[in-house]
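J.: Contents of target02.cif (mmCIF, C-alpha atoms and all ligand atoms) are given next:
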data_protein
#
loop_
_atom_site.group_PDB
_atom_site.id
_atom_site.type_symbol
_atom_site.label_atom_id
_atom_site.label_comp_id
_atom_site.auth_asym_id
_atom_site.auth_seq_id
_atom_site.Cartn_x
_atom_site.Cartn_y
_atom_site.Cartn_z
ATOM 1 C CA MET A 1 18.273 -26.201 -48.222
ATOM 2 C CA PRO A 2 17.790 -23.106 -50.430
ATOM 3 C CA ALA A 3 14.221 -22.167 -51.294
ATOM 4 C CA GLN A 4 12.868 -23.991 -54.365
ATOM 5 C CA LYS A 5 12.230 -21.697 -57.296
ATOM 6 C CA ILE A 6 8.686 -22.039 -58.569
ATOM 7 C CA ILE A 7 6.323 -20.618 -61.163
ATOM 8 C CA ILE A 8 2.652 -20.895 -60.184
ATOM 9 C CA ASP A 9 0.380 -21.287 -63.207
ATOM 10 C CA THR A 10 -3.112 -20.519 -62.027
ATOM 11 C CA ASP A 11 -6.799 -19.717 -62.707
ATOM 12 C CA PRO A 12 -7.897 -18.134 -59.412
ATOM 13 C CA GLY A 13 -10.328 -19.459 -57.979
ATOM 14 C CA GLN A 14 -10.600 -19.354 -54.182
ATOM 15 C CA ASP A 15 -8.547 -22.518 -53.677
ATOM 16 C CA ASP A 16 -5.882 -21.200 -56.067
ATOM 17 C CA ALA A 17 -5.800 -18.074 -53.902
ATOM 18 C CA VAL A 18 -5.078 -20.092 -50.769
ATOM 19 C CA ALA A 19 -2.364 -22.061 -52.598
ATOM 20 C CA ILE A 20 -0.702 -18.816 -53.698
ATOM 21 C CA LEU A 21 -0.964 -17.236 -50.243
ATOM 22 C CA LEU A 22 0.672 -20.313 -48.714
ATOM 23 C CA ALA A 23 3.586 -20.052 -51.149
ATOM 24 C CA LEU A 24 3.988 -16.305 -50.686
ATOM 25 C CA ALA A 25 4.013 -16.798 -46.918
ATOM 26 C CA SER A 26 6.803 -19.386 -47.111
ATOM 27 C CA PRO A 27 9.889 -17.672 -48.576
ATOM 28 C CA GLU A 28 12.285 -19.993 -46.760
ATOM 29 C CA ASP A 29 10.783 -22.932 -48.659
ATOM 30 C CA VAL A 30 9.696 -21.508 -52.007
ATOM 31 C CA GLU A 31 10.759 -18.538 -54.067
ATOM 32 C CA VAL A 32 7.863 -17.522 -56.310
ATOM 33 C CA LEU A 33 9.486 -16.313 -59.534
ATOM 34 C CA GLY A 34 6.145 -15.335 -61.001
ATOM 35 C CA LEU A 35 2.479 -16.137 -61.391
ATOM 36 C CA THR A 36 1.148 -17.039 -64.808
ATOM 37 C CA ALA A 37 -2.590 -16.734 -65.307
ATOM 38 C CA VAL A 38 -4.579 -19.046 -67.559
ATOM 39 C CA ALA A 39 -8.249 -19.227 -68.502
ATOM 40 C CA GLY A 40 -10.098 -21.814 -66.438
ATOM 41 C CA ASN A 41 -12.430 -21.253 -63.513
ATOM 42 C CA VAL A 42 -13.271 -17.891 -65.104
ATOM 43 C CA PRO A 43 -12.024 -16.180 -68.288
ATOM 44 C CA LEU A 44 -8.440 -14.915 -68.515
ATOM 45 C CA ASP A 45 -9.131 -11.237 -67.796
ATOM 46 C CA LEU A 46 -10.549 -12.260 -64.422
ATOM 47 C CA THR A 47 -7.888 -14.847 -63.523
ATOM 48 C CA ALA A 48 -5.144 -12.314 -64.377
ATOM 49 C CA LYS A 49 -6.904 -9.752 -62.208
ATOM 50 C CA ASN A 50 -7.527 -12.179 -59.343
ATOM 51 C CA ALA A 51 -3.869 -13.257 -59.279
ATOM 52 C CA ARG A 52 -2.906 -9.627 -58.653
ATOM 53 C CA ILE A 53 -5.615 -9.179 -56.010
ATOM 54 C CA ILE A 54 -4.061 -12.101 -54.149
ATOM 55 C CA CYS A 55 -0.513 -10.707 -54.386
ATOM 56 C CA GLU A 56 -1.766 -7.426 -52.970
ATOM 57 C CA LEU A 57 -3.649 -9.212 -50.194
ATOM 58 C CA ALA A 58 -0.350 -10.889 -49.291
ATOM 59 C CA GLY A 59 1.540 -7.590 -49.511
ATOM 60 C CA LYS A 60 3.789 -9.064 -52.238
ATOM 61 C CA VAL A 61 3.392 -6.590 -55.072
ATOM 62 C CA ASP A 62 6.845 -7.356 -56.494
ATOM 63 C CA VAL A 63 5.848 -10.809 -57.721
ATOM 64 C CA PRO A 64 5.304 -10.487 -61.487
ATOM 65 C CA VAL A 65 1.934 -11.636 -62.781
ATOM 66 C CA TYR A 66 1.689 -12.538 -66.474
ATOM 67 C CA ALA A 67 -1.432 -13.170 -68.515
ATOM 68 C CA GLY A 68 -1.320 -16.325 -70.623
ATOM 69 C CA CYS A 69 -3.600 -18.339 -72.883
ATOM 70 C CA ASP A 70 -7.234 -17.292 -73.032
ATOM 71 C CA ARG A 71 -8.564 -20.599 -74.341
ATOM 72 C CA PRO A 72 -7.670 -24.289 -74.497
ATOM 73 C CA LEU A 73 -5.435 -25.589 -77.297
ATOM 74 C CA GLY A 74 -8.233 -26.833 -79.498
ATOM 75 C CA ARG A 75 -11.551 -26.429 -77.747
ATOM 76 C CA ASP A 76 -13.959 -23.847 -76.412
ATOM 77 C CA LEU A 77 -13.322 -22.732 -72.855
ATOM 78 C CA VAL A 78 -15.428 -24.341 -70.120
ATOM 79 C CA THR A 79 -15.603 -22.271 -66.914
ATOM 80 C CA ALA A 80 -16.768 -22.949 -63.352
ATOM 81 C CA GLU A 81 -18.674 -19.909 -62.118
ATOM 82 C CA HIS A 82 -21.152 -22.359 -60.576
ATOM 83 C CA VAL A 83 -18.422 -23.186 -58.049
ATOM 84 C CA HIS A 84 -16.348 -20.011 -57.756
ATOM 85 C CA GLY A 85 -18.910 -17.288 -58.454
ATOM 86 C CA LYS A 86 -18.993 -14.669 -61.171
ATOM 87 C CA THR A 87 -15.633 -13.111 -60.308
ATOM 88 C CA GLY A 88 -13.891 -16.416 -59.551
ATOM 89 C CA LEU A 89 -13.023 -15.043 -56.117
ATOM 90 C CA ASP A 90 -16.513 -14.495 -54.698
ATOM 91 C CA GLY A 91 -16.744 -14.326 -50.925
ATOM 92 C CA PRO A 92 -14.555 -11.545 -49.541
ATOM 93 C CA ASP A 93 -14.852 -7.977 -50.689
ATOM 94 C CA LEU A 94 -11.320 -7.329 -51.949
ATOM 95 C CA PRO A 95 -10.200 -4.149 -53.730
ATOM 96 C CA ASP A 96 -9.336 -4.110 -57.411
ATOM 97 C CA PRO A 97 -5.577 -4.471 -57.890
ATOM 98 C CA THR A 98 -3.392 -1.454 -58.486
ATOM 99 C CA MET A 99 -0.288 -3.407 -59.505
ATOM 100 C CA PRO A 100 -0.056 -3.771 -63.291
ATOM 101 C CA LEU A 101 0.276 -6.985 -65.223
ATOM 102 C CA ALA A 102 3.877 -7.742 -66.186
ATOM 103 C CA ASP A 103 4.768 -7.049 -69.826
ATOM 104 C CA GLY A 104 4.825 -10.056 -72.113
ATOM 105 C CA HIS A 105 2.996 -13.344 -72.456
ATOM 106 C CA ALA A 106 2.967 -15.930 -69.665
ATOM 107 C CA VAL A 107 4.195 -18.629 -72.044
ATOM 108 C CA ASP A 108 7.263 -16.560 -72.955
ATOM 109 C CA PHE A 109 7.943 -15.902 -69.278
ATOM 110 C CA ILE A 110 7.868 -19.647 -68.576
ATOM 111 C CA ILE A 111 10.207 -20.375 -71.497
ATOM 112 C CA ASP A 112 12.631 -17.517 -70.762
ATOM 113 C CA THR A 113 12.800 -18.346 -67.071
ATOM 114 C CA LEU A 114 13.524 -22.011 -67.698
ATOM 115 C CA ARG A 115 16.227 -21.080 -70.193
ATOM 116 C CA SER A 116 17.885 -18.477 -67.994
ATOM 117 C CA GLU A 117 17.823 -20.285 -64.620
ATOM 118 C CA PRO A 118 20.220 -23.194 -64.118
ATOM 119 C CA ALA A 119 18.763 -26.440 -65.526
ATOM 120 C CA GLY A 120 16.852 -28.493 -62.968
ATOM 121 C CA THR A 121 16.213 -25.639 -60.545
ATOM 122 C CA VAL A 122 12.706 -24.436 -61.456
ATOM 123 C CA THR A 123 9.517 -26.272 -60.508
ATOM 124 C CA LEU A 124 6.240 -25.585 -62.317
ATOM 125 C CA CYS A 125 3.066 -25.576 -60.221
ATOM 126 C CA PRO A 126 -0.044 -25.692 -62.417
ATOM 127 C CA LEU A 127 -3.298 -25.127 -60.529
ATOM 128 C CA GLY A 128 -5.603 -24.862 -63.539
ATOM 129 C CA PRO A 129 -5.944 -26.188 -67.091
ATOM 130 C CA LEU A 130 -2.530 -27.028 -68.544
ATOM 131 C CA THR A 131 -2.762 -24.742 -71.597
ATOM 132 C CA ASN A 132 0.127 -22.396 -70.718
ATOM 133 C CA ILE A 133 2.469 -25.235 -69.783
ATOM 134 C CA ALA A 134 1.680 -27.311 -72.885
ATOM 135 C CA THR A 135 2.063 -24.276 -75.136
ATOM 136 C CA ALA A 136 5.471 -23.551 -73.619
ATOM 137 C CA LEU A 137 6.510 -27.169 -74.229
ATOM 138 C CA GLN A 138 5.234 -27.002 -77.813
ATOM 139 C CA ASN A 139 6.960 -23.696 -78.573
ATOM 140 C CA ALA A 140 10.238 -24.604 -76.861
ATOM 141 C CA PRO A 141 10.740 -28.370 -76.545
ATOM 142 C CA ASP A 142 14.232 -27.737 -75.114
ATOM 143 C CA ILE A 143 12.739 -26.570 -71.804
ATOM 144 C CA ALA A 144 11.403 -30.028 -70.901
ATOM 145 C CA GLU A 145 14.781 -31.253 -69.685
ATOM 146 C CA ARG A 146 15.368 -28.018 -67.762
ATOM 147 C CA VAL A 147 12.250 -28.328 -65.548
ATOM 148 C CA GLN A 148 13.011 -29.655 -62.069
ATOM 149 C CA GLN A 149 9.524 -31.126 -61.675
ATOM 150 C CA ILE A 150 5.881 -30.334 -62.239
ATOM 151 C CA VAL A 151 3.619 -30.510 -59.189
ATOM 152 C CA LEU A 152 0.045 -30.088 -60.394
ATOM 153 C CA MET A 153 -3.540 -30.251 -59.220
ATOM 154 C CA GLY A 154 -5.646 -32.267 -61.606
ATOM 155 C CA GLY A 155 -7.256 -35.586 -62.356
ATOM 156 C CA ALA A 156 -8.805 -38.291 -60.245
ATOM 157 C CA TYR A 157 -8.931 -42.059 -60.116
ATOM 158 C CA PHE A 158 -11.048 -43.370 -57.228
ATOM 159 C CA GLU A 159 -13.039 -40.121 -57.003
ATOM 160 C CA VAL A 160 -13.519 -40.112 -60.790
ATOM 161 C CA GLY A 161 -14.996 -36.787 -61.971
ATOM 162 C CA ASN A 162 -16.284 -33.469 -60.717
ATOM 163 C CA ILE A 163 -17.145 -31.760 -64.022
ATOM 164 C CA THR A 164 -18.281 -34.884 -65.857
ATOM 165 C CA PRO A 165 -18.820 -38.348 -64.367
ATOM 166 C CA ALA A 166 -15.345 -39.277 -65.635
ATOM 167 C CA ALA A 167 -13.177 -36.158 -65.538
ATOM 168 C CA GLU A 168 -11.771 -33.615 -63.140
ATOM 169 C CA PHE A 169 -12.155 -29.946 -64.167
ATOM 170 C CA ASN A 170 -8.531 -28.888 -64.840
ATOM 171 C CA ILE A 171 -7.832 -31.860 -67.091
ATOM 172 C CA TYR A 172 -11.262 -31.802 -68.750
ATOM 173 C CA VAL A 173 -10.964 -28.161 -69.823
ATOM 174 C CA ASP A 174 -7.846 -28.838 -71.890
ATOM 175 C CA PRO A 175 -7.245 -32.574 -72.275
ATOM 176 C CA GLU A 176 -4.888 -32.111 -75.255
ATOM 177 C CA ALA A 177 -2.690 -29.859 -73.109
ATOM 178 C CA ALA A 178 -2.744 -32.389 -70.284
ATOM 179 C CA ASP A 179 -1.783 -35.129 -72.737
ATOM 180 C CA ILE A 180 1.268 -33.131 -73.840
ATOM 181 C CA VAL A 181 2.341 -32.559 -70.233
ATOM 182 C CA PHE A 182 1.894 -36.174 -69.146
ATOM 183 C CA LYS A 183 3.872 -37.360 -72.173
ATOM 184 C CA SER A 184 6.651 -34.781 -71.714
ATOM 185 C CA GLY A 185 9.023 -37.006 -69.762
ATOM 186 C CA ILE A 186 9.202 -34.369 -66.999
ATOM 187 C CA GLU A 187 8.950 -35.641 -63.433
ATOM 188 C CA ILE A 188 5.309 -35.069 -62.413
ATOM 189 C CA VAL A 189 3.595 -35.106 -59.037
ATOM 190 C CA VAL A 190 -0.206 -35.191 -59.301
ATOM 191 C CA MET A 191 -2.675 -33.989 -56.670
ATOM 192 C CA PRO A 192 -5.918 -35.612 -57.874
ATOM 193 C CA LEU A 193 -9.368 -35.350 -56.288
ATOM 194 C CA ASP A 194 -8.494 -38.581 -54.472
ATOM 195 C CA VAL A 195 -6.307 -36.592 -52.106
ATOM 196 C CA THR A 196 -7.852 -33.107 -52.337
ATOM 197 C CA HIS A 197 -11.225 -34.470 -51.221
ATOM 198 C CA LYS A 198 -9.484 -35.376 -47.960
ATOM 199 C CA ALA A 199 -8.328 -31.774 -47.435
ATOM 200 C CA LEU A 200 -11.696 -30.564 -46.155
ATOM 201 C CA VAL A 201 -12.158 -27.200 -44.481
ATOM 202 C CA THR A 202 -14.348 -28.143 -41.523
ATOM 203 C CA GLN A 203 -15.955 -25.445 -39.402
ATOM 204 C CA SER A 204 -13.173 -25.521 -36.811
ATOM 205 C CA ARG A 205 -10.457 -25.328 -39.477
ATOM 206 C CA ASN A 206 -12.160 -22.338 -41.049
ATOM 207 C CA ASP A 207 -12.592 -20.713 -37.642
ATOM 208 C CA ALA A 208 -8.829 -21.062 -37.172
ATOM 209 C CA PHE A 209 -8.270 -19.045 -40.371
ATOM 210 C CA ARG A 210 -10.829 -16.422 -39.348
ATOM 211 C CA ASN A 211 -9.444 -16.164 -35.822
ATOM 212 C CA LEU A 212 -6.070 -15.110 -37.199
ATOM 213 C CA GLY A 213 -7.826 -11.759 -37.383
ATOM 214 C CA THR A 214 -5.636 -10.614 -40.284
ATOM 215 C CA PRO A 215 -6.907 -9.478 -43.702
ATOM 216 C CA ALA A 216 -5.507 -12.674 -45.269
ATOM 217 C CA GLY A 217 -6.929 -14.997 -42.602
ATOM 218 C CA ILE A 218 -10.363 -13.377 -42.753
ATOM 219 C CA ALA A 219 -10.400 -13.352 -46.581
ATOM 220 C CA VAL A 220 -9.515 -17.061 -46.706
ATOM 221 C CA ALA A 221 -12.330 -17.852 -44.270
ATOM 222 C CA GLN A 222 -14.779 -15.823 -46.372
ATOM 223 C CA MET A 223 -13.639 -17.488 -49.601
ATOM 224 C CA THR A 224 -14.191 -20.877 -48.015
ATOM 225 C CA ASP A 225 -17.593 -19.849 -46.687
ATOM 226 C CA PHE A 226 -18.525 -19.008 -50.267
ATOM 227 C CA PHE A 227 -17.399 -22.059 -52.164
ATOM 228 C CA GLU A 228 -18.162 -24.690 -49.547
ATOM 229 C CA ARG A 229 -21.891 -24.325 -50.141
ATOM 230 C CA PHE A 230 -21.371 -25.971 -53.506
ATOM 231 C CA ASP A 231 -19.333 -28.938 -52.272
ATOM 232 C CA LYS A 232 -21.464 -29.542 -49.198
ATOM 233 C CA GLU A 233 -24.537 -29.729 -51.375
ATOM 234 C CA LYS A 234 -22.876 -31.900 -53.996
ATOM 235 C CA TYR A 235 -20.953 -34.362 -51.839
ATOM 236 C CA GLY A 236 -22.646 -34.030 -48.464
ATOM 237 C CA SER A 237 -19.128 -33.488 -47.082
ATOM 238 C CA SER A 238 -18.272 -31.586 -43.931
ATOM 239 C CA GLY A 239 -16.588 -28.731 -45.800
ATOM 240 C CA ALA A 240 -14.981 -27.590 -49.017
ATOM 241 C CA PRO A 241 -11.940 -29.397 -50.412
ATOM 242 C CA LEU A 242 -8.868 -27.182 -50.627
ATOM 243 C CA HIS A 243 -7.637 -28.647 -53.907
ATOM 244 C CA ASP A 244 -4.851 -26.362 -55.076
ATOM 245 C CA PRO A 245 -3.114 -25.707 -51.730
ATOM 246 C CA CYS A 246 -2.130 -29.402 -51.783
ATOM 247 C CA VAL A 247 0.376 -28.430 -54.496
ATOM 248 C CA THR A 248 2.161 -25.720 -52.540
ATOM 249 C CA ALA A 249 1.922 -27.655 -49.261
ATOM 250 C CA TYR A 250 3.646 -30.579 -50.978
ATOM 251 C CA LEU A 251 6.595 -28.363 -51.878
ATOM 252 C CA ILE A 252 6.911 -27.217 -48.286
ATOM 253 C CA LYS A 253 6.187 -30.493 -46.464
ATOM 254 C CA PRO A 254 6.139 -33.481 -48.837
ATOM 255 C CA GLU A 255 6.034 -35.833 -45.855
ATOM 256 C CA LEU A 256 2.363 -34.875 -45.357
ATOM 257 C CA PHE A 257 1.499 -36.754 -48.577
ATOM 258 C CA SER A 258 1.717 -40.307 -49.884
ATOM 259 C CA GLY A 259 1.087 -41.877 -53.269
ATOM 260 C CA ARG A 260 2.321 -44.262 -55.925
ATOM 261 C CA HIS A 261 4.619 -43.942 -58.916
ATOM 262 C CA ILE A 262 2.357 -45.101 -61.718
ATOM 263 C CA ASN A 263 1.414 -44.606 -65.341
ATOM 264 C CA VAL A 264 -1.177 -41.902 -65.980
ATOM 265 C CA GLU A 265 -2.635 -41.274 -69.437
ATOM 266 C CA ILE A 266 -5.207 -38.767 -70.574
ATOM 267 C CA GLU A 267 -8.335 -39.628 -72.549
ATOM 268 C CA THR A 268 -8.587 -37.226 -75.485
ATOM 269 C CA GLY A 269 -10.814 -39.178 -77.885
ATOM 270 C CA SER A 270 -13.985 -40.373 -76.227
ATOM 271 C CA THR A 271 -16.796 -37.888 -75.722
ATOM 272 C CA LEU A 272 -18.085 -39.968 -72.826
ATOM 273 C CA THR A 273 -14.853 -40.003 -70.818
ATOM 274 C CA LEU A 274 -13.008 -37.007 -72.275
ATOM 275 C CA GLY A 275 -10.325 -35.712 -69.915
ATOM 276 C CA MET A 276 -10.274 -38.808 -67.728
ATOM 277 C CA THR A 277 -6.946 -39.498 -66.046
ATOM 278 C CA VAL A 278 -6.502 -43.204 -66.681
ATOM 279 C CA ALA A 279 -4.297 -43.967 -63.689
ATOM 280 C CA ASP A 280 -2.775 -47.437 -63.442
ATOM 281 C CA TRP A 281 -3.035 -47.409 -59.630
ATOM 282 C CA TRP A 282 -3.085 -51.230 -59.443
ATOM 283 C CA ARG A 283 -0.242 -51.534 -61.928
ATOM 284 C CA VAL A 284 -2.201 -53.847 -64.205
ATOM 285 C CA THR A 285 -0.386 -52.713 -67.358
ATOM 286 C CA ASP A 286 3.275 -52.598 -68.246
ATOM 287 C CA ARG A 287 3.040 -48.951 -69.256
ATOM 288 C CA PRO A 288 5.942 -47.099 -67.646
ATOM 289 C CA ALA A 289 5.351 -44.901 -64.609
ATOM 290 C CA ASN A 290 5.276 -41.220 -65.518
ATOM 291 C CA ALA A 291 3.863 -39.642 -62.370
ATOM 292 C CA LEU A 292 3.746 -39.763 -58.607
ATOM 293 C CA PHE A 293 -0.017 -39.972 -58.096
ATOM 294 C CA ILE A 294 -0.893 -38.828 -54.584
ATOM 295 C CA GLY A 295 -3.677 -40.642 -52.731
ATOM 296 C CA ASP A 296 -3.510 -39.551 -49.117
ATOM 297 C CA LEU A 297 -2.489 -36.746 -46.798
ATOM 298 C CA ASP A 298 -2.175 -35.927 -43.128
ATOM 299 C CA ALA A 299 -5.105 -33.488 -43.111
ATOM 300 C CA ASP A 300 -4.466 -32.116 -39.618
ATOM 301 C CA GLY A 301 -0.814 -31.508 -40.457
ATOM 302 C CA PHE A 302 -1.865 -29.822 -43.695
ATOM 303 C CA PHE A 303 -4.275 -27.422 -41.962
ATOM 304 C CA ASP A 304 -1.777 -26.713 -39.167
ATOM 305 C CA LEU A 305 0.785 -25.752 -41.816
ATOM 306 C CA LEU A 306 -1.712 -23.533 -43.633
ATOM 307 C CA THR A 307 -2.846 -21.735 -40.501
ATOM 308 C CA GLU A 308 0.701 -21.234 -39.242
ATOM 309 C CA ARG A 309 1.902 -19.807 -42.575
ATOM 310 C CA LEU A 310 -1.169 -17.643 -43.281
ATOM 311 C CA ALA A 311 -0.621 -16.053 -39.863
ATOM 312 C CA ARG A 312 2.575 -14.514 -41.211
ATOM 313 C CA LEU A 313 0.829 -12.416 -43.861
HETATM 314 C C1 LIG A 401 -9.814 -27.734 -59.657
HETATM 315 O O1 LIG A 401 -10.736 -27.040 -60.475
HETATM 316 C C2 LIG A 401 -10.887 -25.713 -60.043
HETATM 317 O O2 LIG A 401 -12.227 -25.406 -59.948
HETATM 318 C C3 LIG A 401 -10.143 -25.591 -58.736
HETATM 319 O O3 LIG A 401 -9.529 -24.317 -58.632
HETATM 320 C C4 LIG A 401 -9.128 -26.696 -58.795
HETATM 321 O O4 LIG A 401 -7.941 -26.282 -59.421
HETATM 322 C C5 LIG A 401 -10.545 -28.823 -58.908
HETATM 323 O O5 LIG A 401 -11.142 -29.711 -59.787
HETATM 324 CA CA CA A 402 -7.459 -23.909 -59.855
#
Any chance you could put this one into structure tokens?
T.:
Amino acid sequence: MPAQKIIIDTDPGQDDAVAILLALASPEDVEVLGLTAVAGNVPLDLTAKNARIICELAGKVDVPVYAGCDRPLGRDLVTAEHVHGKTGLDGPDLPDPTMPLADGHAVDFIIDTLRSEPAGTVTLCPLGPLTNIATALQNAPDIAERVQQIVLMGGAYFEVGNITPAAEFNIYVDPEAADIVFKSGIEIVVMPLDVTHKALVTQSRNDAFRNLGTPAGIAVAQMTDFFERFDKEKYGSSGAPLHDPCVTAYLIKPELFSGRHINVEIETGSTLTLGMTVADWWRVTDRPANALFIGDLDADGFFDLLTERLARL
């Protein structure tokens, strides 16, 4: 099978970084057409910088990195320095990037790419708030039917919220954007907290990254060391959840994951539950399914894949 063409839309973030490294290390499975940065974990200038730091860490300086939207569609930006640190990539000491940003706006890159590649051959992989993707769909509604699928990290049902009691961060930051995406009619695969909280970097899994002895392996271990303090404290779990790498791992080995085709709608009105992904897991409504909502993964298989691929960089 030829490699799947993908655009990674991202707000790095240590777990975004690992997701991107996994994709860049897997050219037989995925061809990364470009990275599009969005404001999320940290403001846009930092996410656009971090995306380039990661490309350079992977030795893939030819991957174009575009800067996109610097704020949600209709709200003030909420960031997550309390999780990711001031830079968004706290942990390793990585050099500032020397590769420039690509010319043009991320939203235009998404639109132009979808229009120029054969219809149904490009998958979008959002790892942050959905502002860039929703803006592209608003500006160019014709692209919706050209997208192969969207595989995104966001939302939660059984795990409920991590930024409010009801909402997961990526959806909460720009619920109007998420609403547009979930109503777009595009085939969507969702990696909610329900599955990402099962992708925990235990000590031995992190040692496996570190023991690769490569700059990428060591940097991933240091990133995890940094952001796991937050999750361990919050959840009492045995390590940090690697949220975003679930997206790129799914593209490489979908058999590691299982879920249900269900209806998922986004709460945009209530202040109490703003950004909640109302997932009809038990199929108690007759609302049509619009997403494959993932609930489980083979965690050992997932970490074996990650370690094996990171070793290539
Ligand atoms: C999501 O929010 C961000 O902090 C992470 O990078 C991930 O995309 C998890 O809720
Ligand atoms: Ca992210």
J.: The PyMOL selection byres (((chain A and resi 277) around 8) and not hetatm) on the file shown: which residues, as a PyMOL selection string?
T.: chain A and resi 155-157+167+171+264-267+275-276+278-279
J.: What would the selection look like, as a PyMOL selection string, if the PyMOL selection byres (((chain A and resi 300) around 12) and not hetatm) were run on the coordinates I just shared?
T.: chain A and resi 198-202+204-205+256-257+297-299+301-307
J.: Write out as a Markdown table the residues of chain A that have any atom within 8 Å of an atom of ligand LIG 401 (chain A), one row each with the nearest atom pair and its distance in Å to one decimal, counting only C-alpha atoms and all ligand atoms, sorted by chain and then rising number.
T.:
| residue | atom | partner | partner_atom | distance |
| --- | --- | --- | --- | --- |
| A:Thr10 | CA | A:LIG401 | O4 | 8.0 |
| A:Asp11 | CA | A:LIG401 | O3 | 6.7 |
| A:Pro12 | CA | A:LIG401 | O3 | 6.4 |
| A:Gly13 | CA | A:LIG401 | O3 | 5.0 |
| A:Gln14 | CA | A:LIG401 | O3 | 6.8 |
| A:Asp15 | CA | A:LIG401 | O3 | 5.4 |
| A:Asp16 | CA | A:LIG401 | O3 | 5.4 |
| A:Gly40 | CA | A:LIG401 | C2 | 7.5 |
| A:Asn41 | CA | A:LIG401 | O2 | 5.5 |
| A:Ala80 | CA | A:LIG401 | O2 | 6.2 |
| A:Val83 | CA | A:LIG401 | O2 | 6.8 |
| A:His84 | CA | A:LIG401 | O2 | 7.1 |
| A:Leu127 | CA | A:LIG401 | O4 | 4.9 |
| A:Gly128 | CA | A:LIG401 | O4 | 4.9 |
| A:Pro129 | CA | A:LIG401 | O4 | 7.9 |
| A:Met153 | CA | A:LIG401 | O4 | 5.9 |
| A:Gly154 | CA | A:LIG401 | O5 | 6.3 |
| A:Gly155 | CA | A:LIG401 | O5 | 7.5 |
| A:Asn162 | CA | A:LIG401 | O5 | 6.4 |
| A:Ile163 | CA | A:LIG401 | O5 | 7.6 |
| A:Glu168 | CA | A:LIG401 | O5 | 5.2 |
| A:Phe169 | CA | A:LIG401 | O5 | 4.5 |
| A:Asn170 | CA | A:LIG401 | O1 | 5.2 |
| A:Leu193 | CA | A:LIG401 | O5 | 6.9 |
| A:His243 | CA | A:LIG401 | C4 | 5.5 |
| A:Asp244 | CA | A:LIG401 | O4 | 5.3 |
J.: Please indicate the distance in Å from CA of Pro175 (chain A) to CA of Thr268 (chain A), rounded to one decimal place.
T.: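 Distance reported for this atom pair: 5.8 Å.
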J.: Interatomic distance between CA of Cys246 (chain A) and CA of Ile150 (chain A)?
T.: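 CA of Ile150 (chain A) lies at a distance of 13.2 Å from CA of Cys246 (chain A).
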J.: Within 9 Å of (-8.9, -45.5, -56.5) (coordinates as in the file), grab all the protein and nucleic acid residues, counting all atoms listed in the file, and write them out as a VMD selection string.
T.: chain A and resid 156 to 160 194 279 281 to 282 295
J.: Using the chain letters and numbers from this file, what does the PyMOL selection byres (((chain A and resi 7) around 8) and not hetatm) select? Give the answer as a list in words.
T.: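 Expected selection for the PyMOL selection byres (((chain A and resi 7) around 8) and not hetatm) here is Lys5, Ile6, Ile8, Asp9, Val32, Leu33, Gly34, Leu35, Thr36, Ile110, Val122, Thr123, Leu124 and Cys125 of chain A.
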J.: Which polymer residues have any atom within 8 Å of an atom of Ala177 (chain A), counting all atoms listed in the file, with same-chain residues fewer than 5 positions away left out, as a compact mmCIF listing (two decimals) with C-alpha atoms, keeping the file's coordinate frame?
T.:
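Ended up saving to selection_37.txt:
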# COMPACT_ATOMS: atom_id res chain seq x y z
CA PRO A 72 -7.67 -24.29 -74.50
CA LEU A 73 -5.44 -25.59 -77.30
CA PRO A 129 -5.94 -26.19 -67.09
CA LEU A 130 -2.53 -27.03 -68.54
CA THR A 131 -2.76 -24.74 -71.60
CA ILE A 133 2.47 -25.24 -69.78
CA ALA A 134 1.68 -27.31 -72.89
CA THR A 135 2.06 -24.28 -75.14
J.: Please indicate the distance in Å from CA of Asp108 (chain A) to CA of Val173 (chain A), rounded to one decimal place.
T.: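 Distance reported for this atom pair: 21.8 Å.
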J.: Between A:Leu57, A:Leu152, A:Val284, A:Val190, which one has atoms that come closest to ligand CA 402 (chain A), using only C-alpha atoms and all ligand atoms?
T.: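 Of all the options, A:Leu152 lies closest to ligand CA 402 (chain A).
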J.: Just the residues within 10 Å of Ile54 (chain A), please, counting all atoms listed in the file, with nothing from its chain fewer than 4 positions along; format it as a ChimeraX atom specification.
T.: /A:12,14,16-18,20-21,24,49-50,58-61,89,94,97,216,219
J.: Can you tell me, as a compact mmCIF listing (two decimals) with C-alpha atoms, in the coordinates of the input, what residues are no more than 8 Å from Ala37 (chain A) when counting all atoms listed in the file, ignoring any on the same chain fewer than 6 positions away?
T.:
# COMPACT_ATOMS: atom_id res chain seq x y z
CA ASP A 9 0.38 -21.29 -63.21
CA THR A 10 -3.11 -20.52 -62.03
CA ASP A 11 -6.80 -19.72 -62.71
CA LEU A 44 -8.44 -14.92 -68.52
CA THR A 47 -7.89 -14.85 -63.52
CA ALA A 48 -5.14 -12.31 -64.38
CA ALA A 51 -3.87 -13.26 -59.28
CA VAL A 65 1.93 -11.64 -62.78
CA TYR A 66 1.69 -12.54 -66.47
CA ALA A 67 -1.43 -13.17 -68.52
CA GLY A 68 -1.32 -16.32 -70.62
CA CYS A 69 -3.60 -18.34 -72.88
CA ALA A 106 2.97 -15.93 -69.67
J.: Which one of A:Thr196, A:Ser238, A:Gln138, A:Thr214 sits closest to ligand CA 402 (chain A) if you count only C-alpha atoms and all ligand atoms?
T.: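 Among A:Thr196, A:Ser238, A:Gln138, A:Thr214, it is A:Thr196 that comes nearest to ligand CA 402 (chain A).
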J.: Pick the closest to ligand CA 402 (chain A) from A:Ala19, A:Pro165, A:Asp296, A:Asp286: which is it, counting only C-alpha atoms and all ligand atoms?
T.: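 With only C-alpha atoms and all ligand atoms as the atom set, the closest residue is A:Ala19.
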